[in-house]
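Quick look at data23.txt (compact mmCIF, C-alpha atoms and all ligand atoms):
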```txt
# COMPACT_ATOMS: atom_id res chain seq x y z
CA MET B 5 138.37 47.65 96.51
CA LYS B 6 136.58 48.41 93.24
CA GLU B 7 133.46 50.51 92.92
CA GLY B 8 132.37 49.08 89.55
CA PHE B 9 133.00 50.16 86.00
CA ALA B 10 132.76 53.86 86.50
CA ILE B 11 134.92 54.91 89.42
CA GLU B 12 138.30 53.27 89.33
CA ARG B 13 140.84 55.80 90.49
CA PHE B 14 139.03 57.90 93.06
CA VAL B 15 137.51 54.85 94.72
CA PHE B 16 135.32 55.00 97.79
CA ARG B 17 133.28 52.64 99.88
CA THR B 18 130.83 53.52 102.63
CA ALA B 19 129.65 51.43 105.58
CA GLY B 20 127.14 51.96 108.34
CA GLU B 21 123.49 51.97 109.26
CA THR B 22 121.22 54.91 109.88
CA HIS B 23 120.78 54.10 113.59
CA GLY B 24 124.07 52.28 114.09
CA PRO B 25 127.09 53.74 115.91
CA GLY B 26 128.22 55.64 112.81
CA LEU B 27 129.06 55.80 109.14
CA VAL B 28 132.49 55.09 107.73
CA THR B 29 133.93 56.15 104.38
CA ILE B 30 137.22 54.92 102.98
CA VAL B 31 138.59 56.79 99.97
CA GLU B 32 141.47 55.50 97.87
CA GLY B 33 143.26 57.49 95.18
CA VAL B 34 143.53 60.83 96.96
CA PRO B 35 146.86 62.18 95.70
CA ALA B 36 149.62 62.95 98.20
CA GLY B 37 149.89 66.64 98.91
CA LEU B 38 146.18 67.44 98.54
CA PRO B 39 145.12 69.76 101.37
CA VAL B 40 142.57 67.92 103.54
CA LEU B 41 140.91 69.73 106.42
CA ALA B 42 138.17 68.34 108.67
CA ALA B 43 136.56 71.81 108.61
CA ASP B 44 136.07 71.56 104.82
CA ILE B 45 134.41 68.15 105.18
CA ASP B 46 132.20 69.43 108.02
CA ARG B 47 131.11 72.35 105.87
CA GLU B 48 129.91 69.94 103.17
CA LEU B 49 128.14 67.78 105.77
CA ALA B 50 126.38 70.88 107.11
CA ARG B 51 125.24 71.84 103.60
CA ARG B 52 123.63 68.39 103.24
CA GLN B 53 121.86 68.75 106.57
CA VAL B 54 120.14 72.08 105.99
CA GLY B 55 117.07 72.62 103.86
CA TYR B 56 113.46 73.46 104.48
CA GLY B 57 111.32 70.34 104.84
CA ARG B 58 113.84 68.08 106.58
CA GLY B 59 112.77 65.86 109.47
CA GLU B 60 113.51 66.19 113.18
CA ARG B 61 116.73 64.17 112.93
CA MET B 62 118.48 67.06 111.22
CA ARG B 63 117.74 69.17 114.27
CA ILE B 64 119.09 66.68 116.81
CA GLU B 65 122.25 65.74 114.94
CA LYS B 66 125.12 67.90 113.78
CA ASP B 67 127.42 65.88 111.57
CA GLU B 68 131.14 66.10 112.27
CA VAL B 69 133.86 64.01 110.65
CA GLU B 70 136.68 62.25 112.46
CA ILE B 71 139.55 61.60 110.07
CA LEU B 72 141.13 58.30 111.05
CA SER B 73 143.90 57.84 108.49
CA GLY B 74 145.76 59.09 105.47
CA VAL B 75 146.24 62.74 106.48
CA ARG B 76 149.22 64.40 108.16
CA PHE B 77 149.74 68.11 108.84
CA GLY B 78 146.68 69.00 106.78
CA LYS B 79 147.70 67.10 103.67
CA ALA B 80 146.89 63.70 102.17
CA MET B 81 149.77 61.24 102.40
CA GLY B 82 148.64 59.14 99.43
CA GLY B 83 147.20 56.19 101.39
CA PRO B 84 143.52 55.41 102.00
CA ILE B 85 141.69 58.12 103.92
CA ALA B 86 139.25 56.66 106.43
CA MET B 87 136.59 58.93 107.89
CA LEU B 88 134.12 58.29 110.70
CA LEU B 89 130.82 60.07 111.19
CA ARG B 90 129.22 59.15 114.49
CA ASN B 91 125.43 58.90 114.68
CA ARG B 92 124.65 60.95 117.77
CA ASP B 93 121.24 59.26 117.92
CA TRP B 94 122.93 55.87 118.48
CA VAL B 95 122.51 56.20 122.26
CA ASN B 96 118.75 55.87 121.77
CA TRP B 97 119.05 52.85 119.49
CA GLN B 98 121.58 50.62 121.21
CA GLY B 99 118.92 48.10 122.24
CA LYS B 100 117.14 47.93 118.89
CA MET B 101 120.42 47.85 116.95
CA ALA B 102 122.47 45.63 119.31
CA GLN B 103 125.18 43.61 117.59
CA THR B 104 124.80 40.74 120.06
CA GLY B 105 121.90 38.80 121.55
CA ASP B 106 118.87 37.28 119.79
CA GLY B 107 116.71 40.39 119.49
CA GLU B 108 114.10 39.04 121.90
CA GLY B 109 111.72 41.76 123.00
CA VAL B 110 112.63 44.02 120.07
CA PRO B 111 109.50 44.41 117.92
CA LYS B 112 109.94 43.54 114.25
CA LEU B 113 108.88 45.85 111.46
CA ASP B 114 106.62 43.64 109.44
CA THR B 115 105.16 45.90 106.76
CA ALA B 116 106.89 47.04 103.58
CA ARG B 117 106.75 50.77 102.85
CA PRO B 118 105.91 51.46 99.16
CA GLY B 119 108.64 53.43 97.38
CA HIS B 120 111.35 52.05 99.68
CA ALA B 121 113.79 49.14 99.44
CA ASP B 122 111.70 47.26 102.03
CA LEU B 123 109.83 44.71 99.92
CA PRO B 124 112.48 43.66 97.39
CA GLY B 125 115.08 43.94 100.19
CA ILE B 126 113.51 41.41 102.56
CA LEU B 127 112.90 39.01 99.68
CA LYS B 128 116.42 39.31 98.32
CA TYR B 129 118.26 38.99 101.65
CA ALA B 130 115.82 36.59 103.34
CA HIS B 131 115.14 38.99 106.20
CA GLY B 132 112.14 38.69 108.48
CA ASP B 133 112.44 42.22 109.86
CA VAL B 134 112.21 45.23 107.55
CA ARG B 135 114.60 47.13 109.84
CA ASN B 136 117.42 44.94 108.49
CA VAL B 137 116.78 46.51 105.09
CA LEU B 138 115.93 50.10 105.90
CA GLU B 139 118.88 50.69 108.20
CA ARG B 140 121.29 50.43 105.27
CA ALA B 141 118.94 51.54 102.48
CA SER B 142 118.25 54.84 104.26
CA ALA B 143 119.54 57.99 102.57
CA ARG B 144 121.55 58.65 105.72
CA GLU B 145 124.23 56.81 103.73
CA THR B 146 124.52 59.85 101.48
CA ALA B 147 126.23 61.68 104.36
CA ALA B 148 129.07 59.17 104.02
CA ARG B 149 129.25 59.94 100.29
CA VAL B 150 129.44 63.65 101.06
CA MET B 151 132.63 63.00 103.06
CA ALA B 152 134.20 61.40 99.96
CA GLY B 153 132.79 64.21 97.82
CA ALA B 154 134.47 66.81 100.02
CA LEU B 155 137.84 65.26 99.15
CA ALA B 156 136.91 65.17 95.45
CA LYS B 157 135.92 68.83 95.62
CA ALA B 158 139.22 69.69 97.31
CA LEU B 159 141.05 67.98 94.42
CA LEU B 160 138.94 69.78 91.81
CA ARG B 161 139.57 73.11 93.54
CA GLU B 162 143.32 72.61 93.09
CA LEU B 163 142.62 72.00 89.39
CA GLY B 164 140.61 75.19 88.98
CA VAL B 165 137.19 73.53 88.78
CA ASP B 166 134.22 75.02 90.61
CA ILE B 167 131.04 73.09 91.17
CA VAL B 168 127.56 74.38 92.04
CA GLY B 169 124.63 72.18 93.05
CA HIS B 170 121.26 73.87 93.33
CA VAL B 171 117.53 73.25 93.15
CA LEU B 172 115.77 73.99 89.87
CA SER B 173 112.29 73.09 91.04
CA ILE B 174 110.26 71.88 94.00
CA GLY B 175 106.79 70.66 93.18
CA GLU B 176 105.45 73.04 90.53
CA PHE B 177 107.72 75.92 91.57
CA ARG B 178 110.64 76.55 89.22
CA VAL B 179 113.49 79.05 89.22
CA PRO B 180 113.53 81.23 86.06
CA ALA B 181 114.69 79.42 82.92
CA ASP B 182 117.87 81.51 82.61
CA VAL B 183 119.16 80.20 85.96
CA GLY B 184 119.37 76.67 84.56
CA GLY B 185 122.86 75.93 83.27
CA ASN B 186 124.14 79.32 84.45
CA ARG B 187 126.59 78.82 87.26
CA VAL B 188 126.82 82.46 88.25
CA ALA B 189 123.03 82.65 88.63
CA ALA B 190 122.89 79.21 90.29
CA ALA B 191 125.45 80.26 92.91
CA ARG B 192 122.80 82.59 94.38
CA ALA B 193 121.16 79.46 95.79
CA GLU B 194 123.94 79.06 98.37
CA GLY B 195 122.61 79.92 101.82
CA SER B 196 118.97 79.66 100.75
CA PRO B 197 116.98 77.18 102.89
CA LEU B 198 115.60 75.78 99.63
CA ARG B 199 118.92 76.01 97.75
CA MET B 200 116.90 77.79 95.04
CA ALA B 201 118.45 80.75 93.23
CA ASP B 202 115.17 82.67 93.10
CA ARG B 203 114.84 84.27 96.55
CA GLY B 204 111.61 85.94 95.41
CA ILE B 205 109.60 82.72 95.57
CA GLU B 206 111.26 81.33 98.74
CA ALA B 207 108.48 82.26 101.18
CA GLU B 208 105.78 80.96 98.86
CA VAL B 209 107.55 77.63 98.32
CA MET B 210 108.08 77.20 102.07
CA ARG B 211 104.39 77.85 102.69
CA TRP B 212 103.57 75.29 100.03
CA ILE B 213 105.87 72.72 101.71
CA ASP B 214 104.08 73.43 105.01
CA GLY B 215 100.79 72.68 103.27
CA VAL B 216 102.18 69.44 101.81
CA LYS B 217 103.22 68.43 105.33
CA GLU B 218 99.83 69.29 106.78
CA ALA B 219 98.21 67.16 104.08
CA GLY B 220 100.34 64.26 105.34
CA THR B 221 102.28 63.88 102.12
CA THR B 222 105.66 64.80 100.59
CA ALA B 223 107.34 66.72 97.75
CA GLY B 224 109.97 66.14 95.07
CA GLY B 225 111.79 68.31 92.57
CA VAL B 226 114.68 68.70 90.16
CA VAL B 227 118.30 69.48 91.07
CA GLU B 228 121.08 70.67 88.81
CA VAL B 229 124.85 70.52 89.08
CA ILE B 230 127.11 72.78 87.04
CA ALA B 231 130.88 72.31 86.94
CA GLY B 232 132.96 75.10 85.40
CA GLY B 233 136.66 75.26 84.59
CA VAL B 234 136.63 71.72 83.19
CA PRO B 235 139.03 71.11 80.26
CA PRO B 236 138.03 69.34 77.06
CA GLY B 237 138.95 65.65 76.95
CA LEU B 238 137.86 64.10 80.27
CA GLY B 239 136.18 60.74 79.64
CA SER B 240 136.48 59.02 76.28
CA TYR B 241 134.67 57.85 73.16
CA VAL B 242 136.86 54.75 72.70
CA ALA B 243 134.96 52.41 75.02
CA TRP B 244 131.37 52.42 76.24
CA ASP B 245 132.30 52.34 79.89
CA ARG B 246 134.69 55.28 79.63
CA ARG B 247 132.05 57.69 78.31
CA LEU B 248 131.73 60.43 80.91
CA ASP B 249 128.05 61.12 80.27
CA GLY B 250 127.34 57.47 81.15
CA ARG B 251 129.52 57.68 84.24
CA LEU B 252 127.77 60.84 85.43
CA GLY B 253 124.35 59.37 84.70
CA ARG B 254 125.11 56.31 86.73
CA ALA B 255 126.48 58.33 89.64
CA LEU B 256 123.36 60.50 89.77
CA MET B 257 120.96 57.60 89.33
CA CYS B 258 122.61 55.90 92.32
CA ILE B 259 121.29 58.63 94.63
CA PRO B 260 118.21 57.42 96.52
CA ALA B 261 114.92 58.77 95.11
CA ILE B 262 116.41 59.93 91.79
CA LYS B 263 114.18 58.77 88.96
CA GLY B 264 115.46 60.74 85.98
CA VAL B 265 118.75 62.25 84.77
CA GLU B 266 119.45 64.75 82.01
CA VAL B 267 122.63 66.08 80.42
CA GLY B 268 122.40 69.66 79.12
CA GLY B 269 119.12 70.19 77.29
CA GLY B 270 118.28 66.55 78.00
CA MET B 271 114.77 65.34 77.18
CA GLY B 272 113.82 68.76 75.81
CA LEU B 273 116.27 68.35 72.91
CA ALA B 274 114.46 65.33 71.51
CA GLY B 275 111.65 67.37 69.94
CA MET B 276 113.80 70.17 68.48
CA PRO B 277 115.32 70.43 64.98
CA GLY B 278 119.04 69.63 65.08
CA ILE B 279 119.96 73.07 63.82
CA ASP B 280 118.62 74.55 67.05
CA VAL B 281 120.32 71.95 69.24
CA HIS B 282 124.00 71.63 68.41
CA ASP B 283 126.36 74.20 69.85
CA GLU B 284 128.28 75.96 67.06
CA VAL B 285 131.99 76.62 67.55
CA PHE B 286 133.70 79.95 66.88
CA PRO B 287 137.38 80.88 66.69
CA GLY B 288 139.14 82.50 69.63
CA GLY B 289 138.77 81.90 73.34
CA ASP B 290 136.41 83.65 75.73
CA PRO B 291 138.75 85.74 77.91
CA ALA B 292 136.36 85.32 80.86
CA VAL B 293 136.94 81.55 80.80
CA ARG B 294 140.45 80.52 81.75
CA LEU B 295 141.42 77.00 82.69
CA LEU B 296 143.56 76.79 85.82
CA GLY B 297 142.90 80.54 86.01
CA LYS B 298 145.29 81.15 83.09
CA TYR B 299 144.89 79.08 79.93
CA LEU B 300 142.61 80.26 77.14
CA LEU B 301 141.09 77.70 74.75
CA PRO B 302 141.49 78.63 71.05
CA PHE B 303 137.71 78.46 70.43
CA HIS B 304 134.44 79.28 72.12
CA ARG B 305 130.72 78.58 71.86
CA LYS B 306 127.69 80.75 72.43
CA THR B 307 125.40 77.96 73.64
CA ASN B 308 125.80 74.86 75.80
CA ARG B 309 122.82 72.65 75.06
CA ALA B 310 125.15 69.63 75.10
CA GLY B 311 125.81 70.26 78.78
CA GLY B 312 129.56 70.29 78.17
CA LEU B 313 129.64 66.71 76.91
CA GLU B 314 130.20 65.46 73.35
CA GLY B 315 131.17 61.92 72.40
CA GLY B 316 131.39 60.90 76.04
CA MET B 317 133.98 63.60 76.72
CA THR B 318 133.97 67.04 78.26
CA ASN B 319 134.23 69.70 75.52
CA GLY B 320 135.46 72.70 77.52
CA GLU B 321 132.00 74.10 78.28
CA PRO B 322 130.59 73.80 81.80
CA VAL B 323 129.28 70.32 82.60
CA VAL B 324 125.54 70.63 83.25
CA VAL B 325 123.54 67.70 84.59
CA ARG B 326 120.12 67.44 86.22
CA ALA B 327 118.38 64.84 88.33
CA ALA B 328 114.68 64.45 89.14
CA MET B 329 113.85 63.43 92.72
CA LYS B 330 110.56 61.68 93.36
CA PRO B 331 108.54 62.81 96.40
CA ILE B 332 109.82 61.23 99.63
CA PRO B 333 108.15 57.81 99.92
CA THR B 334 107.33 57.87 103.67
CA GLN B 335 103.92 59.53 104.14
CA SER B 336 102.21 60.68 107.31
CA VAL B 337 98.99 59.40 105.85
CA PRO B 338 100.11 55.77 105.56
CA LEU B 339 100.04 54.05 102.19
CA ARG B 340 98.42 50.67 101.68
CA THR B 341 100.80 47.75 101.60
CA VAL B 342 101.24 44.13 102.71
CA THR B 343 102.85 42.40 105.66
CA VAL B 344 106.19 40.80 104.83
CA ASP B 345 105.49 37.43 106.45
CA ARG B 346 102.08 36.49 105.00
CA PHE B 347 101.60 39.29 102.42
CA GLU B 348 98.29 40.31 103.97
CA ALA B 349 96.74 43.74 103.55
CA SER B 350 98.17 46.35 105.91
CA THR B 351 99.37 49.97 106.00
CA ALA B 352 102.98 51.20 105.89
CA HIS B 353 104.68 52.02 109.19
CA ARG B 354 106.13 55.51 109.52
CA GLU B 355 109.84 55.93 110.21
CA ARG B 356 110.93 59.45 111.17
CA SER B 357 111.04 61.26 107.85
CA ASP B 358 111.61 64.34 105.72
CA VAL B 359 108.78 66.05 103.83
CA CYS B 360 111.08 67.50 101.18
CA ALA B 361 114.78 66.66 100.79
CA VAL B 362 115.37 68.22 97.36
CA PRO B 363 117.83 70.85 98.76
CA ALA B 364 119.88 68.05 100.40
CA ALA B 365 119.72 66.02 97.19
CA SER B 366 121.32 68.94 95.33
CA VAL B 367 124.33 68.67 97.66
CA VAL B 368 124.49 64.89 97.21
CA ALA B 369 124.27 65.34 93.42
CA GLU B 370 127.13 67.83 93.63
CA THR B 371 129.09 65.20 95.59
CA MET B 372 128.51 62.48 93.00
CA VAL B 373 129.46 64.76 90.11
CA ALA B 374 132.62 65.86 91.96
CA ILE B 375 133.63 62.23 92.51
CA VAL B 376 133.15 61.31 88.85
CA LEU B 377 135.07 64.38 87.67
CA ALA B 378 137.90 63.76 90.18
CA ASP B 379 138.09 60.19 88.90
CA ALA B 380 138.18 61.40 85.28
CA PHE B 381 140.95 63.91 86.08
CA LEU B 382 143.02 61.15 87.68
CA GLU B 383 142.37 58.93 84.65
CA LYS B 384 143.65 61.61 82.25
CA PHE B 385 146.44 63.13 84.31
CA GLY B 386 147.39 60.23 86.60
CA GLY B 387 149.26 60.97 89.69
CA ASP B 388 150.15 59.73 93.09
CA ALA B 389 151.20 63.25 93.97
CA MET B 390 149.43 66.58 93.50
CA ARG B 391 152.51 68.15 91.95
CA ASP B 392 152.67 65.45 89.23
CA ILE B 393 148.98 65.90 88.40
CA LEU B 394 149.43 69.66 88.11
CA TYR B 395 152.53 69.15 85.98
CA ASN B 396 150.70 66.77 83.64
CA TYR B 397 147.59 68.96 83.51
CA THR B 398 149.61 72.10 82.78
CA GLY B 399 151.47 70.28 79.97
CA TYR B 400 148.13 69.28 78.41
CA LEU B 401 146.74 72.81 78.67
CA ARG B 402 149.90 74.19 77.07
CA ARG B 403 149.41 71.79 74.16
CA ILE B 404 145.73 72.45 73.52
CA CYS B 405 145.84 76.17 74.25
CA GLY B 406 148.88 76.65 72.03
CA GLU B 407 151.29 78.16 74.54
C1 LIG G 1 119.01 63.48 100.94
C2 LIG G 1 117.88 62.49 100.94
C3 LIG G 1 117.06 62.39 102.04
C4 LIG G 1 116.00 61.48 102.06
N1 LIG G 1 115.21 61.43 103.16
C5 LIG G 1 114.17 60.55 103.18
C6 LIG G 1 113.30 60.50 104.31
O1 LIG G 1 113.47 61.21 105.29
N2 LIG G 1 112.27 59.62 104.26
C7 LIG G 1 112.03 58.80 103.19
O2 LIG G 1 111.08 58.05 103.19
N3 LIG G 1 112.85 58.83 102.11
C8 LIG G 1 113.92 59.68 102.08
N4 LIG G 1 114.72 59.73 100.98
C9 LIG G 1 114.42 58.85 99.82
C10 LIG G 1 114.64 57.37 100.10
O3 LIG G 1 115.90 57.14 100.69
C11 LIG G 1 114.53 56.55 98.81
O4 LIG G 1 113.40 56.94 98.09
C12 LIG G 1 114.43 55.07 99.15
O5 LIG G 1 115.65 54.67 99.77
C13 LIG G 1 114.15 54.16 97.93
O6 LIG G 1 115.13 54.33 96.94
P1 LIG G 1 114.71 54.76 95.46
O7 LIG G 1 113.76 55.92 95.62
O8 LIG G 1 116.01 55.17 94.79
O9 LIG G 1 114.05 53.59 94.81
C14 LIG G 1 115.78 60.64 100.94
C15 LIG G 1 116.64 60.73 99.82
C16 LIG G 1 117.66 61.65 99.81
C17 LIG G 1 118.56 61.75 98.60
```

Would you put the structure from the file into structure tokens?
Ligand SMILES: Cc1cc2nc3c(=O)[nH]c(=O)nc-3n(C[C@H](O)[C@H](O)[C@H](O)COP(=O)(O)O)c2cc1C
Amino acid sequence: MKEGFAIERFVFRTAGETHGPGLVTIVEGVPAGLPVLAADIDRELARRQVGYGRGERMRIEKDEVEILSGVRFGKAMGGPIAMLLRNRDWVNWQGKMAQTGDGEGVPKLDTARPGHADLPGILKYAHGDVRNVLERASARETAARVMAGALAKALLRELGVDIVGHVLSIGEFRVPADVGGNRVAAARAEGSPLRMADRGIEAEVMRWIDGVKEAGTTAGGVVEVIAGGVPPGLGSYVAWDRRLDGRLGRALMCIPAIKGVEVGGGMGLAGMPGIDVHDEVFPGGDPAVRLLGKYLLPFHRKTNRAGGLEGGMTNGEPVVVRAAMKPIPTQSVPLRTVTVDRFEASTAHRERSDVCAVPAASVVAETMVAIVLADAFLEKFGGDAMRDILYNYTGYLRRICGE
């Protein structure tokens, strides 16, 4: 099983349809000895499910993982970890999603919803029913990624890395500029129904989302992920496909509805003079920043416009990445489109839908960043077993921190 160029050690594959019996995730590369608890995975699944603006499905379903393999007495054994997430709504869909029979009597979806996989999907796979596309293209699949991400986060926790995913903006509403890239400030978003760190504007943003819903349309926004406690030297400059900024960009772009990705100052840097962009380096470590809770780097910086990435490698500063989510494509006021058999004028059908899923997208972004960083740690420090990874990582920190 190979996930492509970017993720080669912490490899995962998901399977399942949005209204099928369930979603399955198989993760390879989880080191033996890593603590794995279903409760930790469920907590991440719950974080993805909350958020103001979600559709009715989030109210009827509470996601809970069933771990099928690879874990014994609360720890990974080193083999593939298979996880099942049952779709509780399956009972209502058994007829429409039957695996046998000829589908007689089941109405076909014959219009393509703009902004979805529907139109290119039916053409590519020679389907006559849009449901065959949307069932797999649905962002329900991101719940299966979150299960893999929970394991990646568990690994990163053991390595002293903390990761925060939060919402920078919804529509025109933005958290204050100093929250961006600041993981202490960003952590205030946890528990907020909008996953925004500015509780002062919460009520106003929720009212605005209500108005968007009443108008029959949807909202987008920008999410940010900040990973702290990351050592310099993950990723590499020696080959294009080992550059970590590229690997992170790909992982974020692969999230449904993400249309733009930035690293650090991102697009904003392009118009600035270089002297105001590059992060100067000063001697001596910042005592507040200790890798693995102990090791002090022999230098520090006062700015992090690079988002913790230089030359395709982490540089010891927090990794800061952002992703822009387009407004949800399904609208209550249906968009104009064509039928998929004769390409005649029609309007898009409406599948049960969210109005705003930016808070959930921040959790999915956190998941994807965690997976890429876990993969990069395994690339640098190897390891079938947790104790070997920690041994290798500690040896590296001793070398670069001069102990
Ligand atoms: C967490 C999350 C939830 C989403 N929920 C919905 C939804 O309820 N309705 C919808 O039309 N699109 C939803 N989307 C977006 C679509 O899945 C996505 O726009 C579509 O699959 C087309 O992919 P693309 O936007 O990457 O081109 C959601 C995306 C995410 C990340």

Near B:Gly315, counting all atoms listed in the file, which residues have an atom at most 8 Å away, once you skip same-chain residues fewer than 6 positions from it, shown as an MDAnalysis selection string? chainID B and resid 240:241 247

List the neighbours of B:Ser366 out to 6 Å using all atoms listed in the file; skip same-chain residues closer than 4 positions along the sequence, and give me the result as a VMD selection string. chain B and resid 169 to 170 227

Within 7 Å of (102.8, 46.3, 107.2), all atoms listed in the file: residues as a ChimeraX atom specification? /B:114-116,341-344,350-353

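With only C-alpha atoms and all ligand atoms as the atoms that count, the set of residues no farther than 6 Å from ligand LIG 1 (chain G) is Gly119, His120, Ala121, Ala141, Ser142, Ala143, Ile259, Pro260, Ala261, Ile262, Ile332, Pro333, Thr334, Ser357, Asp358, Ala361, Ala364 and Ala365 of chain B.
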
Please produce a file of the residues just selected, as a short mmCIF file (atom, residue, chain, number, x, y, z; two decimals), keeping the file's coordinate frame, where the atoms kept are C-alpha atoms.
```
data_model
loop_
_atom_site.label_atom_id
_atom_site.label_comp_id
_atom_site.auth_asym_id
_atom_site.auth_seq_id
_atom_site.Cartn_x
_atom_site.Cartn_y
_atom_site.Cartn_z
CA GLY B 119 108.64 53.43 97.38
CA HIS B 120 111.35 52.05 99.68
CA ALA B 121 113.79 49.14 99.44
CA ALA B 141 118.94 51.54 102.48
CA SER B 142 118.25 54.84 104.26
CA ALA B 143 119.54 57.99 102.57
CA ILE B 259 121.29 58.63 94.63
CA PRO B 260 118.21 57.42 96.52
CA ALA B 261 114.92 58.77 95.11
CA ILE B 262 116.41 59.93 91.79
CA ILE B 332 109.82 61.23 99.63
CA PRO B 333 108.15 57.81 99.92
CA THR B 334 107.33 57.87 103.67
CA SER B 357 111.04 61.26 107.85
CA ASP B 358 111.61 64.34 105.72
CA ALA B 361 114.78 66.66 100.79
CA ALA B 364 119.88 68.05 100.40
CA ALA B 365 119.72 66.02 97.19
#
```

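The closest residue to B:Asp283, picked from B:Ala378, B:Gly316, B:Glu321, B:Ala255 and counting all atoms listed in the file, is B:Glu321.
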
Skip B:Gly184 itself and residues of its chain fewer than 5 positions away, then list as a VMD selection string all residues within 10 Å of it, counting all atoms listed in the file. chain B and resid 170 to 172 178 to 179 189 to 190 201 227 to 230 268 to 269 324 to 326

Selection from above, C-alpha atoms, as a compact mmCIF listing (two decimals), keeping the file's coordinate frame, can you write it?
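File produced: out-v8.txt:
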```
# COMPACT_ATOMS: atom_id res chain seq x y z
CA HIS B 170 121.26 73.87 93.33
CA VAL B 171 117.53 73.25 93.15
CA LEU B 172 115.77 73.99 89.87
CA ARG B 178 110.64 76.55 89.22
CA VAL B 179 113.49 79.05 89.22
CA ALA B 189 123.03 82.65 88.63
CA ALA B 190 122.89 79.21 90.29
CA ALA B 201 118.45 80.75 93.23
CA VAL B 227 118.30 69.48 91.07
CA GLU B 228 121.08 70.67 88.81
CA VAL B 229 124.85 70.52 89.08
CA ILE B 230 127.11 72.78 87.04
CA GLY B 268 122.40 69.66 79.12
CA GLY B 269 119.12 70.19 77.29
CA VAL B 324 125.54 70.63 83.25
CA VAL B 325 123.54 67.70 84.59
CA ARG B 326 120.12 67.44 86.22
```

What lies within 9 Å of B:Ile30 using all atoms listed in the file, ignoring chain neighbours under 5 positions off, as a PyMOL selection string? chain B and resi 15-19+84-88+152

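Using only C-alpha atoms, the residues found no farther than 6 Å from B:Arg199, other than those of its own chain fewer than 2 positions away, are His170, Val171, Ala193, Glu194, Ser196, Pro197 and Pro363 of chain B.
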
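Distances to B:Cys360 were evaluated for B:Leu256, B:Val323, B:Leu295, B:Ala223 using only C-alpha atoms, and the minimum falls at B:Ala223.
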
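Our summary of the geometry notes that atom CA of B:Glu383 is positioned 9.1 Å from atom CA of B:Phe14.
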
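The two atoms in question, atom CA of B:Asp388 and atom CA of B:Ala374, are spaced 18.6 Å apart.
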
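Atom pair atom CA of B:Val40 / atom CA of B:Ala80: separated by 6.2 Å.
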
For a cutoff of 12 Å around the file-coordinate point (149.4, 81.4, 70.5), which residues qualify once you count all atoms listed in the file? I'd like the result as a PDB file with C-alpha atoms, in the frame of the given file.
```pdb
ATOM      1  CA  GLY B 288     139.140  82.500  69.630  1.00  0.00           C
ATOM      2  CA  GLY B 289     138.770  81.900  73.340  1.00  0.00           C
ATOM      3  CA  TYR B 299     144.890  79.080  79.930  1.00  0.00           C
ATOM      4  CA  LEU B 300     142.610  80.260  77.140  1.00  0.00           C
ATOM      5  CA  LEU B 301     141.090  77.700  74.750  1.00  0.00           C
ATOM      6  CA  PRO B 302     141.490  78.630  71.050  1.00  0.00           C
ATOM      7  CA  ARG B 402     149.900  74.190  77.070  1.00  0.00           C
ATOM      8  CA  ARG B 403     149.410  71.790  74.160  1.00  0.00           C
ATOM      9  CA  ILE B 404     145.730  72.450  73.520  1.00  0.00           C
ATOM     10  CA  CYS B 405     145.840  76.170  74.250  1.00  0.00           C
ATOM     11  CA  GLY B 406     148.880  76.650  72.030  1.00  0.00           C
ATOM     12  CA  GLU B 407     151.290  78.160  74.540  1.00  0.00           C
TER      13      GLU B 407
END
```

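Distances here use all atoms listed in the file; by that measure, the residue among B:Thr371, B:Gln103, B:Asn308, B:Ser336 closest to B:Leu252 is B:Thr371.
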
Ranking B:Gly195, B:Pro331, B:Pro338, B:Gly37 by minimum distance to B:Gly175 and counting only C-alpha atoms, which one comes first? B:Pro331

Pick the closest to B:Thr221 from B:Arg246, B:Arg92, B:Arg354, B:Arg144: which is it, counting only C-alpha atoms? B:Arg354

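Proximity ranking of B:Gly125, B:Gly82, B:Gly220, B:Gly107 relative to B:Gly387 places B:Gly82 first, based on only C-alpha atoms.
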